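Scroll down for the structure; my scribbles are underneath it.
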Amino acid sequence: MTKGPSVNPGVIDLLGLLAYAELGSFFRLAGDAVLAPTLRGKGRLAGLAATEQSHYQVLRDRLEELGVDPEETMAPFVEPLDAWHARTEPKTWLESLVKTYVADGIAGDFYRRVAELADDETRALVEGVLAETGRAEFVSETVREALAQDPVLAGRLSLWARRLVGEALSQAQTVAVDRPRLAALLAEGVERPGDSGEGVTGLGDLAAVSRMFASLTDRHAARLEAMGLSA
């Protein structure tokens with residue numbers, strides 16, 4: 001494959017991670033569409049799945065433009081993301097919807113934060129891929145309707161959402177450890193106490209990543225409130 005324009009290695013990792021995440025989202029949403037109890041739900045989720053597949057293709061095309069193999073770029077993220085999904089396997093259709101909203105929401109915040117530190121083209125690409133497609137409205141509306149019919153569900157789904165956040169933050173740390181150049185990109189834009197202005201690596205990067213991820217939980221409460229759940 002012909003080598004494309006020079007780009008930060010951390011950006012390549014970001015695009016590979018996001019591409020595999022979008023591909024996984026397509027399969028999960030397609031599965032949720034099959035299990036949806038209403039035709040309206042099936043149609044909405046099928047449309048959302050199609051959008052995710054389109055986003056995946058955009059990212060794959062961009063990786064090829066940069067002169068890297070898309071599958072090789074995504075490969076390092078297959079095991080950690082698949083392992084995370086295995087640990088957070090929903091037991092019900094509603095739990096699956098909550099996972100889509102909460103976990104994908106936090107992941108999207110992370111991708112946006114990293115993209116802010118990249119070049120303008122990458123930033124615009126990531127913003128476009130993560131643009132709201134109506135998923136949040138559909139999930140929050142569906143969960144609220146379910147809670148209105150069975151208020152007991154609120155406690156269980158709230159606990160489930162809290163578990164998802166903890167698992168997501170833990171998995172992010174694992175990815176940062178395995179892909180130090182992605183952590184280094186992120187650390188460049190995180191203010192560190194006593195930083196001399198020079199780049200840091202290793203534990204310094206991971207500490208910066210930890211602080212950044214702690215800040216991502218700020219929007220979590222708003223997502224729970226939208227679904228009628230408690231933090």
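Quick note on naming: the chains in the structure tokens go A, B, ... in the order shown, residues restart at 1 in each chain, and ligands are numbered from 1 in order of appearance.
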Item checked: Close residues, Ala75 (chain A) itself excluded, 12 Å, only C-alpha atoms, min 4 positions apart in chain, as a count of residues only -> 16
Next item on the list: Compile the contact shell of Leu159 (chain A) as a list in words: residues with an atom at most 12 Å away, counting only C-alpha atoms, same-chain residues fewer than 6 positions apart removed.
Entry: Glu95, Val98, Lys99, Leu153, Val165, Gly166, Leu224, Leu229, Ser230 and Ala231 of chain A
Notebook entry, point to check: Could you pull the residues within 12 Å of Leu59 (chain A), counting only C-alpha atoms, minus those fewer than 3 positions along the same chain, as a ChimeraX atom specification?
Noted result: /A:11-23,52-56,62-66,68-71,73-74,122,124-130
Would you put the residues from that selection into a file with N, CA, C and O atoms, as a short mmCIF file (atom, residue, chain, number, x, y, z; two decimals), in the first residue's frame?
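What follows is the written file again00.cif:
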```
data_model
loop_
_atom_site.label_atom_id
_atom_site.label_comp_id
_atom_site.auth_asym_id
_atom_site.auth_seq_id
_atom_site.Cartn_x
_atom_site.Cartn_y
_atom_site.Cartn_z
N VAL A 11 -2.72 9.42 16.11
CA VAL A 11 -3.92 9.64 15.31
C VAL A 11 -4.31 8.36 14.58
O VAL A 11 -5.49 8.02 14.48
N ILE A 12 -3.31 7.64 14.07
CA ILE A 12 -3.59 6.36 13.41
C ILE A 12 -4.27 5.41 14.39
O ILE A 12 -5.26 4.74 14.06
N ASP A 13 -3.74 5.35 15.61
CA ASP A 13 -4.36 4.49 16.63
C ASP A 13 -5.78 4.94 16.92
O ASP A 13 -6.69 4.11 17.08
N LEU A 14 -6.00 6.25 17.03
CA LEU A 14 -7.34 6.77 17.30
C LEU A 14 -8.32 6.34 16.22
O LEU A 14 -9.42 5.86 16.53
N LEU A 15 -7.93 6.48 14.97
CA LEU A 15 -8.82 6.12 13.86
C LEU A 15 -9.06 4.61 13.81
O LEU A 15 -10.17 4.16 13.51
N GLY A 16 -8.03 3.82 14.11
CA GLY A 16 -8.21 2.37 14.14
C GLY A 16 -9.14 1.94 15.25
O GLY A 16 -10.01 1.08 15.06
N LEU A 17 -8.96 2.53 16.43
CA LEU A 17 -9.83 2.22 17.57
C LEU A 17 -11.27 2.60 17.28
O LEU A 17 -12.20 1.82 17.50
N LEU A 18 -11.46 3.80 16.75
CA LEU A 18 -12.81 4.27 16.46
C LEU A 18 -13.45 3.44 15.35
O LEU A 18 -14.66 3.14 15.40
N ALA A 19 -12.67 3.05 14.35
CA ALA A 19 -13.23 2.24 13.26
C ALA A 19 -13.74 0.91 13.78
O ALA A 19 -14.86 0.48 13.43
N TYR A 20 -12.98 0.25 14.62
CA TYR A 20 -13.44 -1.04 15.14
C TYR A 20 -14.63 -0.84 16.07
O TYR A 20 -15.56 -1.67 16.09
N ALA A 21 -14.63 0.25 16.83
CA ALA A 21 -15.77 0.53 17.70
C ALA A 21 -17.04 0.75 16.89
O ALA A 21 -18.13 0.28 17.26
N GLU A 22 -16.92 1.45 15.76
CA GLU A 22 -18.09 1.69 14.91
C GLU A 22 -18.58 0.40 14.28
O GLU A 22 -19.79 0.18 14.16
N LEU A 23 -17.66 -0.46 13.89
CA LEU A 23 -18.05 -1.75 13.33
C LEU A 23 -18.80 -2.58 14.37
O LEU A 23 -19.83 -3.20 14.07
N GLU A 52 -24.03 3.52 11.55
CA GLU A 52 -22.75 3.10 12.12
C GLU A 52 -21.87 2.42 11.06
O GLU A 52 -20.66 2.61 11.02
N GLN A 53 -22.49 1.62 10.21
CA GLN A 53 -21.72 0.96 9.16
C GLN A 53 -21.14 2.00 8.19
O GLN A 53 -20.00 1.87 7.73
N SER A 54 -21.93 3.02 7.91
CA SER A 54 -21.46 4.09 7.03
C SER A 54 -20.27 4.82 7.66
O SER A 54 -19.29 5.15 6.99
N HIS A 55 -20.36 5.07 8.97
CA HIS A 55 -19.26 5.73 9.68
C HIS A 55 -18.00 4.86 9.65
O HIS A 55 -16.89 5.38 9.49
N TYR A 56 -18.18 3.58 9.83
CA TYR A 56 -17.05 2.65 9.76
C TYR A 56 -16.35 2.75 8.41
O TYR A 56 -15.11 2.80 8.33
N ARG A 62 -10.42 6.58 5.23
CA ARG A 62 -9.42 7.56 5.67
C ARG A 62 -8.10 6.86 6.02
O ARG A 62 -7.02 7.37 5.69
N LEU A 63 -8.17 5.72 6.66
CA LEU A 63 -6.95 4.98 6.98
C LEU A 63 -6.21 4.57 5.71
O LEU A 63 -4.98 4.64 5.65
N GLU A 64 -6.95 4.17 4.70
CA GLU A 64 -6.32 3.83 3.42
C GLU A 64 -5.67 5.06 2.79
O GLU A 64 -4.57 4.97 2.23
N GLU A 65 -6.32 6.21 2.90
CA GLU A 65 -5.75 7.44 2.37
C GLU A 65 -4.42 7.77 3.06
O GLU A 65 -3.51 8.34 2.44
N LEU A 66 -4.31 7.41 4.33
CA LEU A 66 -3.10 7.69 5.09
C LEU A 66 -2.01 6.66 4.83
O LEU A 66 -0.92 6.73 5.41
N VAL A 68 -2.10 3.29 5.40
CA VAL A 68 -1.99 2.18 6.35
C VAL A 68 -3.09 1.17 6.06
O VAL A 68 -4.12 1.50 5.48
N ASP A 69 -2.86 -0.06 6.47
CA ASP A 69 -3.85 -1.11 6.27
C ASP A 69 -4.92 -1.01 7.36
O ASP A 69 -4.61 -1.11 8.55
N PRO A 70 -6.19 -0.80 6.99
CA PRO A 70 -7.24 -0.62 8.00
C PRO A 70 -7.37 -1.80 8.95
O PRO A 70 -7.53 -1.61 10.17
N GLU A 71 -7.31 -3.01 8.41
CA GLU A 71 -7.48 -4.18 9.27
C GLU A 71 -6.32 -4.32 10.25
O GLU A 71 -6.51 -4.64 11.42
N THR A 73 -4.55 -1.88 11.38
CA THR A 73 -4.67 -0.78 12.32
C THR A 73 -5.71 -1.06 13.39
O THR A 73 -5.55 -0.69 14.56
N MET A 74 -6.79 -1.73 12.99
CA MET A 74 -7.84 -2.07 13.96
C MET A 74 -7.48 -3.27 14.83
O MET A 74 -7.98 -3.38 15.97
N THR A 122 -8.55 15.44 10.92
CA THR A 122 -8.94 14.34 11.80
C THR A 122 -10.03 14.78 12.76
O THR A 122 -10.99 14.04 13.01
N ALA A 124 -12.31 17.08 12.33
CA ALA A 124 -13.58 17.19 11.61
C ALA A 124 -14.14 15.81 11.28
O ALA A 124 -15.36 15.58 11.37
N LEU A 125 -13.28 14.88 10.92
CA LEU A 125 -13.72 13.53 10.60
C LEU A 125 -14.36 12.86 11.81
O LEU A 125 -15.44 12.28 11.71
N VAL A 126 -13.68 12.95 12.95
CA VAL A 126 -14.21 12.32 14.17
C VAL A 126 -15.52 12.96 14.59
O VAL A 126 -16.47 12.27 14.98
N GLU A 127 -15.59 14.27 14.52
CA GLU A 127 -16.82 14.96 14.88
C GLU A 127 -17.97 14.51 13.98
O GLU A 127 -19.10 14.32 14.44
N GLY A 128 -17.69 14.34 12.70
CA GLY A 128 -18.73 13.89 11.78
C GLY A 128 -19.19 12.48 12.08
O GLY A 128 -20.39 12.18 12.06
N VAL A 129 -18.24 11.60 12.38
CA VAL A 129 -18.58 10.21 12.69
C VAL A 129 -19.40 10.12 13.97
O VAL A 129 -20.31 9.28 14.08
N LEU A 130 -19.10 10.99 14.93
CA LEU A 130 -19.77 10.92 16.22
C LEU A 130 -20.98 11.83 16.32
O LEU A 130 -21.59 11.95 17.38
#
```
Note to self: If DSSP is run on the backbone, what residues of region 64-205 of chain A are alpha helix (DSSP H)? A reply as number ranges by chain would be ideal.
What the structure shows: A: 64-65, 70-87, 93-115, 120-129, 135-149, 153-178, 180-187, 203-205
Can you list every residue of region 85-178 of chain A that has an atom at most 10 Å from region 218-223 of chain A, with its nearest atom pair and the distance in Å to one decimal, using only C-alpha atoms, ordered by chain then number, as JSON lines?
```
{"residue": "A:Val98", "atom": "CA", "partner": "A:Arg223", "partner_atom": "CA", "distance": 9.6}
{"residue": "A:Tyr101", "atom": "CA", "partner": "A:Arg223", "partner_atom": "CA", "distance": 7.6}
{"residue": "A:Val102", "atom": "CA", "partner": "A:Arg223", "partner_atom": "CA", "distance": 6.8}
{"residue": "A:Ala103", "atom": "CA", "partner": "A:His220", "partner_atom": "CA", "distance": 9.4}
{"residue": "A:Gly105", "atom": "CA", "partner": "A:His220", "partner_atom": "CA", "distance": 8.2}
{"residue": "A:Ile106", "atom": "CA", "partner": "A:His220", "partner_atom": "CA", "distance": 7.5}
{"residue": "A:Asp109", "atom": "CA", "partner": "A:Arg219", "partner_atom": "CA", "distance": 8.8}
{"residue": "A:Ala136", "atom": "CA", "partner": "A:Arg223", "partner_atom": "CA", "distance": 8.4}
{"residue": "A:Ser140", "atom": "CA", "partner": "A:Arg223", "partner_atom": "CA", "distance": 8.3}
{"residue": "A:Ala161", "atom": "CA", "partner": "A:His220", "partner_atom": "CA", "distance": 9.2}
{"residue": "A:Arg162", "atom": "CA", "partner": "A:His220", "partner_atom": "CA", "distance": 9.1}
{"residue": "A:Val165", "atom": "CA", "partner": "A:His220", "partner_atom": "CA", "distance": 8.2}
```
Let me see the file: selected residues, C-alpha atoms, as a PDB file, in the first residue's frame.
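Below you can see selection-v4.pdb, which holds the result:
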```
ATOM      1  CA  VAL A  98     -28.780   1.519  28.244  1.00  0.00           C
ATOM      2  CA  TYR A 101     -26.381   5.109  25.367  1.00  0.00           C
ATOM      3  CA  VAL A 102     -24.099   5.139  28.416  1.00  0.00           C
ATOM      4  CA  ALA A 103     -21.030   3.266  27.201  1.00  0.00           C
ATOM      5  CA  GLY A 105     -21.595   8.114  25.120  1.00  0.00           C
ATOM      6  CA  ILE A 106     -18.515   7.954  27.323  1.00  0.00           C
ATOM      7  CA  ASP A 109     -16.555  11.859  24.708  1.00  0.00           C
ATOM      8  CA  ALA A 136     -29.958   9.382  22.432  1.00  0.00           C
ATOM      9  CA  SER A 140     -34.090   7.836  26.498  1.00  0.00           C
ATOM     10  CA  ALA A 161     -25.443   1.989  34.159  1.00  0.00           C
ATOM     11  CA  ARG A 162     -23.052   2.583  37.063  1.00  0.00           C
ATOM     12  CA  VAL A 165     -19.137   3.413  33.626  1.00  0.00           C
TER      13      VAL A 165
END
```
Checklist line | Which residue of A:Glu121, A:Glu141, A:Asp104, A:Asp178 approaches Leu29 (chain A) most closely, using only C-alpha atoms | finding: A:Asp104
Next item on the list: Within 10 Å of region 40-46 of chain A, counting only C-alpha atoms, which residues show up once you throw out same-chain ones fewer than 2 positions away? Write them as a list in words, please.
Entry: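 Answer for this query is Phe26, Arg28, Leu29, Ala30, Gly31, Asp32, Ala33, Val34, Leu35, Ala36, Pro37, Thr38, Leu48, Ala49, Ala50, Thr51, Glu52, Leu97, Gly134, Arg135, Phe138, Val139 and Thr142 of chain A.
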Would you mind exporting the chosen residues as a PDB file, in the first residue's frame, restricted to N, CA, C and O atoms?
```pdb
ATOM      1  N   PHE A  26     -22.303  -1.314  14.877  1.00  0.00           N
ATOM      2  CA  PHE A  26     -23.214  -1.762  13.823  1.00  0.00           C
ATOM      3  C   PHE A  26     -23.816  -3.120  14.166  1.00  0.00           C
ATOM      4  O   PHE A  26     -25.029  -3.309  14.099  1.00  0.00           O
ATOM      5  N   ARG A  28     -24.046  -4.631  17.091  1.00  0.00           N
ATOM      6  CA  ARG A  28     -24.884  -4.610  18.303  1.00  0.00           C
ATOM      7  C   ARG A  28     -26.251  -3.982  18.023  1.00  0.00           C
ATOM      8  O   ARG A  28     -27.280  -4.483  18.479  1.00  0.00           O
ATOM      9  N   LEU A  29     -26.248  -2.881  17.278  1.00  0.00           N
ATOM     10  CA  LEU A  29     -27.521  -2.226  16.971  1.00  0.00           C
ATOM     11  C   LEU A  29     -28.375  -3.082  16.046  1.00  0.00           C
ATOM     12  O   LEU A  29     -29.603  -3.117  16.173  1.00  0.00           O
ATOM     13  N   ALA A  30     -27.719  -3.776  15.122  1.00  0.00           N
ATOM     14  CA  ALA A  30     -28.472  -4.675  14.243  1.00  0.00           C
ATOM     15  C   ALA A  30     -29.111  -5.789  15.068  1.00  0.00           C
ATOM     16  O   ALA A  30     -30.265  -6.181  14.825  1.00  0.00           O
ATOM     17  N   GLY A  31     -28.366  -6.307  16.046  1.00  0.00           N
ATOM     18  CA  GLY A  31     -28.929  -7.327  16.928  1.00  0.00           C
ATOM     19  C   GLY A  31     -30.062  -6.797  17.770  1.00  0.00           C
ATOM     20  O   GLY A  31     -31.080  -7.482  17.971  1.00  0.00           O
ATOM     21  N   ASP A  32     -29.917  -5.579  18.259  1.00  0.00           N
ATOM     22  CA  ASP A  32     -30.992  -4.960  19.042  1.00  0.00           C
ATOM     23  C   ASP A  32     -32.240  -4.760  18.185  1.00  0.00           C
ATOM     24  O   ASP A  32     -33.371  -4.874  18.679  1.00  0.00           O
ATOM     25  N   ALA A  33     -32.035  -4.442  16.906  1.00  0.00           N
ATOM     26  CA  ALA A  33     -33.172  -4.254  16.009  1.00  0.00           C
ATOM     27  C   ALA A  33     -33.971  -5.542  15.867  1.00  0.00           C
ATOM     28  O   ALA A  33     -35.214  -5.536  15.857  1.00  0.00           O
ATOM     29  N   VAL A  34     -33.270  -6.666  15.772  1.00  0.00           N
ATOM     30  CA  VAL A  34     -33.946  -7.958  15.653  1.00  0.00           C
ATOM     31  C   VAL A  34     -34.797  -8.231  16.887  1.00  0.00           C
ATOM     32  O   VAL A  34     -35.920  -8.762  16.790  1.00  0.00           O
ATOM     33  N   LEU A  35     -34.300  -7.845  18.073  1.00  0.00           N
ATOM     34  CA  LEU A  35     -34.980  -8.154  19.332  1.00  0.00           C
ATOM     35  C   LEU A  35     -36.007  -7.101  19.746  1.00  0.00           C
ATOM     36  O   LEU A  35     -36.739  -7.305  20.718  1.00  0.00           O
ATOM     37  N   ALA A  36     -36.055  -5.991  19.038  1.00  0.00           N
ATOM     38  CA  ALA A  36     -36.989  -4.922  19.405  1.00  0.00           C
ATOM     39  C   ALA A  36     -38.428  -5.431  19.399  1.00  0.00           C
ATOM     40  O   ALA A  36     -38.833  -6.134  18.470  1.00  0.00           O
ATOM     41  N   PRO A  37     -39.215  -5.076  20.427  1.00  0.00           N
ATOM     42  CA  PRO A  37     -40.574  -5.601  20.541  1.00  0.00           C
ATOM     43  C   PRO A  37     -41.595  -4.932  19.626  1.00  0.00           C
ATOM     44  O   PRO A  37     -42.719  -5.413  19.505  1.00  0.00           O
ATOM     45  N   THR A  38     -41.238  -3.831  18.986  1.00  0.00           N
ATOM     46  CA  THR A  38     -42.182  -3.136  18.111  1.00  0.00           C
ATOM     47  C   THR A  38     -41.545  -2.905  16.739  1.00  0.00           C
ATOM     48  O   THR A  38     -40.314  -2.844  16.599  1.00  0.00           O
ATOM     49  N   LEU A  48     -30.182   3.203  12.692  1.00  0.00           N
ATOM     50  CA  LEU A  48     -28.993   3.579  13.449  1.00  0.00           C
ATOM     51  C   LEU A  48     -27.827   2.651  13.124  1.00  0.00           C
ATOM     52  O   LEU A  48     -26.677   3.085  13.013  1.00  0.00           O
ATOM     53  N   ALA A  49     -28.129   1.360  12.965  1.00  0.00           N
ATOM     54  CA  ALA A  49     -27.087   0.397  12.608  1.00  0.00           C
ATOM     55  C   ALA A  49     -26.490   0.735  11.239  1.00  0.00           C
ATOM     56  O   ALA A  49     -25.264   0.681  11.046  1.00  0.00           O
ATOM     57  N   ALA A  50     -27.331   1.077  10.307  1.00  0.00           N
ATOM     58  CA  ALA A  50     -26.852   1.427   8.969  1.00  0.00           C
ATOM     59  C   ALA A  50     -25.932   2.650   9.016  1.00  0.00           C
ATOM     60  O   ALA A  50     -24.924   2.717   8.301  1.00  0.00           O
ATOM     61  N   THR A  51     -26.273   3.600   9.877  1.00  0.00           N
ATOM     62  CA  THR A  51     -25.435   4.797  10.024  1.00  0.00           C
ATOM     63  C   THR A  51     -24.062   4.432  10.570  1.00  0.00           C
ATOM     64  O   THR A  51     -23.039   4.961  10.119  1.00  0.00           O
ATOM     65  N   GLU A  52     -24.028   3.519  11.549  1.00  0.00           N
ATOM     66  CA  GLU A  52     -22.750   3.100  12.116  1.00  0.00           C
ATOM     67  C   GLU A  52     -21.875   2.425  11.057  1.00  0.00           C
ATOM     68  O   GLU A  52     -20.659   2.612  11.023  1.00  0.00           O
ATOM     69  N   LEU A  97     -29.982  -1.373  25.432  1.00  0.00           N
ATOM     70  CA  LEU A  97     -30.173   0.023  25.040  1.00  0.00           C
ATOM     71  C   LEU A  97     -29.427   0.966  25.981  1.00  0.00           C
ATOM     72  O   LEU A  97     -28.795   1.928  25.536  1.00  0.00           O
ATOM     73  N   GLY A 134     -29.807  10.725  16.538  1.00  0.00           N
ATOM     74  CA  GLY A 134     -31.124  10.431  17.089  1.00  0.00           C
ATOM     75  C   GLY A 134     -31.124   9.254  18.038  1.00  0.00           C
ATOM     76  O   GLY A 134     -32.170   8.903  18.590  1.00  0.00           O
ATOM     77  N   ARG A 135     -29.961   8.649  18.258  1.00  0.00           N
ATOM     78  CA  ARG A 135     -29.875   7.492  19.137  1.00  0.00           C
ATOM     79  C   ARG A 135     -30.246   7.863  20.570  1.00  0.00           C
ATOM     80  O   ARG A 135     -30.988   7.154  21.225  1.00  0.00           O
ATOM     81  N   PHE A 138     -34.001   8.298  21.012  1.00  0.00           N
ATOM     82  CA  PHE A 138     -34.723   7.034  20.935  1.00  0.00           C
ATOM     83  C   PHE A 138     -34.543   6.218  22.210  1.00  0.00           C
ATOM     84  O   PHE A 138     -35.511   5.704  22.778  1.00  0.00           O
ATOM     85  N   VAL A 139     -33.315   6.103  22.678  1.00  0.00           N
ATOM     86  CA  VAL A 139     -33.051   5.298  23.874  1.00  0.00           C
ATOM     87  C   VAL A 139     -33.708   5.914  25.101  1.00  0.00           C
ATOM     88  O   VAL A 139     -34.377   5.220  25.878  1.00  0.00           O
ATOM     89  N   THR A 142     -37.455   5.443  24.964  1.00  0.00           N
ATOM     90  CA  THR A 142     -37.848   4.041  25.137  1.00  0.00           C
ATOM     91  C   THR A 142     -37.699   3.599  26.587  1.00  0.00           C
ATOM     92  O   THR A 142     -38.572   2.919  27.139  1.00  0.00           O
TER      93      THR A 142
END
```
Note to self: Between A:Gly10, A:Val143, A:Ala86, A:Asp119, which residue has the minimum interatomic distance to Pro180 (chain A), considering only C-alpha atoms?
What the structure shows: A:Gly10
Margin query: Just the number, please: distance in Å from CA of Pro9 (chain A) to CA of Leu185 (chain A), one decimal.
Written below: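 Rounded to one decimal, the two atoms are 8.6 Å apart.
Taking only C-alpha atoms into account, Asp120 (chain A) lies nearest to A:Val7 out of the set A:Val7, A:Ala107, A:Ala176, A:Leu94.
A straight line drawn from CA of Arg211 (chain A) to CA of Trp84 (chain A) is 21.0 Å long.
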Next item on the list: State, in Å with one decimal place, the distance from CA of Ser25 (chain A) to CA of Val152 (chain A).
Entry: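 Separation of CA of Ser25 (chain A) and CA of Val152 (chain A): 28.4 Å.
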Note to self: Using only C-alpha atoms, can you tell me which of A:Thr217, A:Val177, A:Leu182, A:Leu157 comes closest to Thr92 (chain A)?
What the structure shows: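 That would be A:Leu157, the residue with the smallest distance to Thr92 (chain A).
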